[in-house]
$ cat protein.txt   # compact mmCIF, C-alpha atoms
# COMPACT_ATOMS: atom_id res chain seq x y z
CA MET A 1 28.45 -4.16 2.46
CA ILE A 2 25.71 -2.58 0.37
CA ASN A 3 24.41 -4.81 -2.42
CA ALA A 4 21.74 -2.54 -3.87
CA TYR A 5 20.18 0.89 -3.95
CA TYR A 6 16.59 1.94 -4.36
CA ALA A 7 15.65 4.91 -6.52
CA HIS A 8 12.27 6.53 -5.98
CA ILE A 9 11.17 8.75 -8.87
CA TYR A 10 8.49 11.21 -7.75
CA PHE A 11 5.73 12.76 -9.82
CA GLU A 12 2.46 14.65 -9.45
CA LEU A 13 -0.79 12.90 -10.35
CA GLU A 14 -1.12 15.20 -13.37
CA GLN A 15 2.22 13.80 -14.60
CA LEU A 16 1.22 10.13 -14.97
CA ALA A 17 2.04 10.07 -18.69
CA LEU A 18 5.41 11.76 -18.08
CA ALA A 19 6.18 9.36 -15.22
CA GLU A 20 5.39 6.33 -17.39
CA ARG A 21 7.57 7.70 -20.20
CA VAL A 22 10.47 8.23 -17.76
CA ARG A 23 9.91 4.77 -16.24
CA LEU A 24 10.12 3.07 -19.64
CA ALA A 25 13.15 5.14 -20.68
CA ILE A 26 15.00 4.16 -17.48
CA ALA A 27 14.07 0.49 -17.96
CA ASN A 28 15.39 0.53 -21.53
CA ALA A 29 18.57 2.43 -20.64
CA ILE A 30 19.45 0.31 -17.59
CA PRO A 31 18.60 -3.35 -18.28
CA GLU A 32 20.61 -4.42 -15.20
CA LEU A 33 17.93 -3.09 -12.83
CA THR A 34 16.82 -5.84 -10.47
CA TYR A 35 13.33 -4.37 -10.05
CA LEU A 36 11.14 -1.98 -12.03
CA GLY A 37 8.15 -0.91 -10.00
CA ARG A 38 4.78 0.19 -11.26
CA LEU A 39 3.52 3.74 -10.92
CA ILE A 40 2.11 4.22 -7.43
CA PRO A 41 -0.41 7.10 -7.71
CA MET A 42 -0.72 7.67 -3.95
CA LEU A 43 1.41 8.38 -0.92
CA VAL A 44 3.10 5.33 0.61
CA GLY A 45 5.57 5.00 3.46
CA PRO A 46 7.73 8.07 3.97
CA HIS A 47 7.23 9.30 0.42
CA PRO A 48 5.65 12.76 0.00
CA LYS A 49 4.45 12.26 -3.58
CA PRO A 50 3.33 9.48 -5.89
CA MET A 51 6.32 7.60 -7.23
CA PHE A 52 7.76 4.52 -8.82
CA GLU A 53 10.78 2.57 -7.65
CA VAL A 54 13.71 0.91 -9.36
CA ASN A 55 16.38 -1.22 -7.71
CA ILE A 56 19.97 -0.68 -8.77
CA PRO A 57 22.79 -3.17 -8.16
CA THR A 58 25.72 -1.48 -6.40
CA PRO A 59 28.31 -2.16 -9.17
CA ILE A 60 26.36 -0.03 -11.66
CA LEU A 61 25.22 2.74 -9.26
CA GLU A 62 27.24 5.62 -10.68
CA ASP A 63 26.41 4.75 -14.29
CA ALA A 64 22.73 4.29 -13.41
CA MET A 65 22.64 7.64 -11.61
CA GLU A 66 24.08 9.37 -14.68
CA LYS A 67 21.47 7.76 -16.92
CA ILE A 68 18.60 8.57 -14.55
CA GLU A 69 19.81 12.18 -14.36
CA LEU A 70 19.63 12.41 -18.15
CA LEU A 71 16.22 10.71 -18.37
CA ARG A 72 14.26 12.07 -15.37
CA GLU A 73 12.74 15.01 -17.33
CA GLY A 74 12.65 17.25 -14.27
CA LEU A 75 11.22 14.67 -11.87
CA ASP A 76 12.86 14.53 -8.44
CA VAL A 77 14.65 11.31 -7.50
CA LEU A 78 15.68 9.88 -4.14
CA ILE A 79 18.42 7.24 -4.26
CA HIS A 80 19.24 5.40 -1.05
CA THR A 81 21.04 2.39 0.27
CA VAL A 82 19.32 -0.87 1.15
CA HIS A 83 20.26 -2.02 4.63
CA GLY A 84 18.65 -2.64 8.01
CA ASP A 85 18.32 1.02 9.07
CA ASP A 86 15.52 2.58 7.02
CA PHE A 87 15.80 5.93 8.81
CA ALA A 88 19.51 6.28 7.94
CA ALA A 89 18.92 5.01 4.41
CA HIS A 90 16.32 7.72 3.76
CA THR A 91 18.25 10.55 5.48
CA GLU A 92 22.02 10.51 5.93
CA ASP A 93 22.65 7.88 3.21
CA ALA A 94 20.24 9.50 0.72
CA ARG A 95 21.28 11.08 -2.55
CA TRP A 96 19.02 13.33 -4.61
CA LEU A 97 18.69 14.14 -8.28
CA GLY A 98 16.64 17.28 -8.59
CA LYS A 99 15.13 18.96 -5.57
CA PRO A 100 15.36 17.15 -2.22
CA LEU A 101 11.86 16.58 -0.84
CA THR A 102 10.81 16.39 2.79
CA LEU A 103 10.13 12.78 3.66
CA ASN A 104 7.81 11.60 6.43
CA VAL A 105 10.59 9.94 8.42
CA ASP A 106 8.38 9.82 11.53
CA ILE A 107 6.91 6.69 10.00
CA PHE A 108 10.12 4.83 10.88
CA ASN A 109 9.68 5.68 14.57
CA GLN A 110 6.10 4.43 14.40
CA LEU A 111 7.19 1.17 12.77
CA ASN A 112 9.89 0.63 15.41
CA LYS A 113 7.27 0.94 18.19
CA GLN A 114 5.12 -1.84 16.76
$ encode --input "protein.txt" --output "structure tokens"
Amino acid sequence: MINAYYAHIYFELEQLALAERVRLAIANAIPELTYLGRLIPMLVGPHPKPMFEVNIPTPILEDAMEKIELLREGLDVLIHTVHGDDFAAHTEDARWLGKPLTLNVDIFNQLNKQ
């Protein structure tokens, strides 16, 4: 059973003000979020662009996706399940709003070898 989803909202460094505006709009529109991350102005994990993350409880996923779609102002968004298989979560279980980006999924193989 999936209890939550992560949404990663991607931006370019030149879009910090836009990203913060979108972040605050999402936070105000979806108070049920269980986590509202800060802007991360660098590449982390498999993510190909700077981003911020929000965590969405499963019962409100569809409503949250509709609101994020309306509020994302052209930013691309990855939404994925939270479970024990990070590779599957970021690939076959992933949903996109906007343009799907190429993730660095090789990082999951590297983590599994450690």
$ atom_distance --input "protein.txt" --atom1 "CA of Leu61 (chain A)" --atom2 "CA of Leu75 (chain A)"
18.6 Å
$ residues_around --input "protein.txt" --residues "Ile79 (chain A)" --least-positions-apart "2" --cutoff "10 Å" --atoms "only C-alpha atoms" --output "PDB file with C-alpha atoms, in the coordinates of the input"
ATOM      1  CA  TYR A   5      20.180   0.890  -3.950  1.00  0.00           C
ATOM      2  CA  TYR A   6      16.590   1.940  -4.360  1.00  0.00           C
ATOM      3  CA  ALA A   7      15.650   4.910  -6.520  1.00  0.00           C
ATOM      4  CA  HIS A   8      12.270   6.530  -5.980  1.00  0.00           C
ATOM      5  CA  ILE A   9      11.170   8.750  -8.870  1.00  0.00           C
ATOM      6  CA  GLU A  53      10.780   2.570  -7.650  1.00  0.00           C
ATOM      7  CA  VAL A  54      13.710   0.910  -9.360  1.00  0.00           C
ATOM      8  CA  ASN A  55      16.380  -1.220  -7.710  1.00  0.00           C
ATOM      9  CA  ILE A  56      19.970  -0.680  -8.770  1.00  0.00           C
ATOM     10  CA  LEU A  61      25.220   2.740  -9.260  1.00  0.00           C
ATOM     11  CA  MET A  65      22.640   7.640 -11.610  1.00  0.00           C
ATOM     12  CA  VAL A  77      14.650  11.310  -7.500  1.00  0.00           C
ATOM     13  CA  THR A  81      21.040   2.390   0.270  1.00  0.00           C
ATOM     14  CA  VAL A  82      19.320  -0.870   1.150  1.00  0.00           C
ATOM     15  CA  ALA A  89      18.920   5.010   4.410  1.00  0.00           C
ATOM     16  CA  HIS A  90      16.320   7.720   3.760  1.00  0.00           C
ATOM     17  CA  ASP A  93      22.650   7.880   3.210  1.00  0.00           C
ATOM     18  CA  ALA A  94      20.240   9.500   0.720  1.00  0.00           C
ATOM     19  CA  ARG A  95      21.280  11.080  -2.550  1.00  0.00           C
ATOM     20  CA  TRP A  96      19.020  13.330  -4.610  1.00  0.00           C
ATOM     21  CA  LEU A  97      18.690  14.140  -8.280  1.00  0.00           C
TER      22      LEU A  97
END
$ atom_distance --input "protein.txt" --atom1 "CA of Leu78 (chain A)" --atom2 "CA of Ile60 (chain A)"
16.4 Å
$ residues_near_point --input "protein.txt" --point "(4.2, 10.9, -0.6)" --cutoff "10 Å" --atoms "only C-alpha atoms" --output "ChimeraX atom specification"
/A:10-12,40-51,101-104
$ closest_residue --input "protein.txt" --among "A:Glu14, A:Glu69, A:Phe87, A:Ala64" --to "Pro31 (chain A)" --atoms "all atoms listed in the file"
A:Ala64
$ axis_aligned_box --input "protein.txt" --around "region 6-14 of chain A" --padding-each-side "5 Å" --output "AutoDock Vina command-line options"
--center_x 7.7 --center_y 8.6 --center_z -8.9 --size_x 27.7 --size_y 23.3 --size_z 19.0
$ atom_distance --input "protein.txt" --atom1 "CA of Lys99 (chain A)" --atom2 "CA of Asn3 (chain A)"
25.7 Å
$ closest_residue --input "protein.txt" --among "A:Asn28, A:Leu18, A:Gly74, A:Asp86" --to "Asn109 (chain A)" --atoms "only C-alpha atoms"
A:Asp86
$ residues_around --input "protein.txt" --residues "Asp63 (chain A)" --least-positions-apart "4" --cutoff "12 Å" --atoms "only C-alpha atoms" --output "PyMOL selection string"
chain A and resi 26+29-33+56-59+67-70
$ closest_residue --input "protein.txt" --among "A:Asp85, A:Asp106, A:Glu20, A:Glu66" --to "Ile2 (chain A)" --atoms "all atoms listed in the file"
A:Asp85
$ closest_residue --input "protein.txt" --among "A:Glu73, A:Ala4, A:Thr91, A:Gly98" --to "Thr34 (chain A)" --atoms "all atoms listed in the file"
A:Ala4
$ decode --input "protein.txt" --residues "region 29-51 of chain A" --atoms "N, CA, C and O atoms" --output "compact mmCIF listing (two decimals), in the first residue's frame"
# COMPACT_ATOMS: atom_id res chain seq x y z
N ALA A 29 -2.38 26.34 -1.45
CA ALA A 29 -3.50 25.65 -2.09
C ALA A 29 -3.71 24.24 -1.56
O ALA A 29 -4.82 23.70 -1.65
N ILE A 30 -2.64 23.64 -1.00
CA ILE A 30 -2.72 22.25 -0.54
C ILE A 30 -2.19 22.18 0.90
O ILE A 30 -1.07 21.72 1.15
N PRO A 31 -2.97 22.60 1.87
CA PRO A 31 -2.48 22.60 3.25
C PRO A 31 -2.26 21.19 3.82
O PRO A 31 -1.60 21.05 4.85
N GLU A 32 -2.77 20.17 3.15
CA GLU A 32 -2.61 18.80 3.64
C GLU A 32 -1.24 18.21 3.33
O GLU A 32 -0.94 17.08 3.74
N LEU A 33 -0.38 18.93 2.62
CA LEU A 33 0.96 18.42 2.34
C LEU A 33 1.65 18.04 3.65
O LEU A 33 1.55 18.77 4.63
N THR A 34 2.35 16.92 3.63
CA THR A 34 3.04 16.50 4.85
C THR A 34 4.47 17.02 4.91
O THR A 34 5.13 16.91 5.95
N TYR A 35 4.95 17.61 3.82
CA TYR A 35 6.29 18.20 3.79
C TYR A 35 6.34 19.23 2.67
O TYR A 35 5.85 18.98 1.57
N LEU A 36 6.95 20.36 2.96
CA LEU A 36 7.19 21.41 1.98
C LEU A 36 8.67 21.72 2.04
O LEU A 36 9.15 22.32 3.01
N GLY A 37 9.39 21.26 1.03
CA GLY A 37 10.84 21.43 1.02
C GLY A 37 11.27 22.82 0.60
O GLY A 37 10.52 23.57 -0.02
N ARG A 38 12.48 23.14 0.93
CA ARG A 38 13.08 24.42 0.53
C ARG A 38 13.55 24.31 -0.92
O ARG A 38 13.66 23.20 -1.46
N LEU A 39 13.86 25.43 -1.52
CA LEU A 39 14.45 25.42 -2.86
C LEU A 39 15.85 24.84 -2.75
O LEU A 39 16.63 25.26 -1.89
N ILE A 40 16.17 23.89 -3.61
CA ILE A 40 17.50 23.29 -3.63
C ILE A 40 18.15 23.73 -4.95
O ILE A 40 17.84 23.20 -6.01
N PRO A 41 19.04 24.74 -4.89
CA PRO A 41 19.58 25.34 -6.11
C PRO A 41 20.79 24.59 -6.69
O PRO A 41 21.74 25.20 -7.17
N MET A 42 20.77 23.26 -6.60
CA MET A 42 21.85 22.44 -7.15
C MET A 42 21.28 21.07 -7.49
O MET A 42 20.14 20.76 -7.14
N LEU A 43 22.07 20.28 -8.17
CA LEU A 43 21.65 18.93 -8.52
C LEU A 43 21.85 18.01 -7.32
O LEU A 43 22.90 18.03 -6.70
N VAL A 44 20.83 17.21 -7.02
CA VAL A 44 20.91 16.23 -5.94
C VAL A 44 20.29 14.93 -6.43
O VAL A 44 19.33 14.94 -7.20
N GLY A 45 20.84 13.82 -5.97
CA GLY A 45 20.29 12.52 -6.31
C GLY A 45 20.15 12.34 -7.81
O GLY A 45 21.03 12.74 -8.57
N PRO A 46 19.02 11.79 -8.24
CA PRO A 46 18.83 11.54 -9.66
C PRO A 46 18.30 12.75 -10.43
O PRO A 46 18.06 12.67 -11.63
N HIS A 47 18.13 13.85 -9.75
CA HIS A 47 17.43 15.00 -10.33
C HIS A 47 18.33 15.83 -11.25
O HIS A 47 19.42 16.23 -10.85
N PRO A 48 17.85 16.12 -12.48
CA PRO A 48 18.68 16.79 -13.48
C PRO A 48 18.68 18.31 -13.40
O PRO A 48 19.37 18.97 -14.18
N LYS A 49 17.90 18.87 -12.49
CA LYS A 49 17.80 20.32 -12.35
C LYS A 49 17.61 20.65 -10.87
O LYS A 49 17.21 19.79 -10.08
N PRO A 50 17.85 21.90 -10.51
CA PRO A 50 17.45 22.33 -9.16
C PRO A 50 15.95 22.08 -8.97
O PRO A 50 15.19 22.05 -9.96
N MET A 51 15.53 21.91 -7.73
CA MET A 51 14.13 21.58 -7.50
C MET A 51 13.75 21.86 -6.06
O MET A 51 14.59 22.17 -5.23
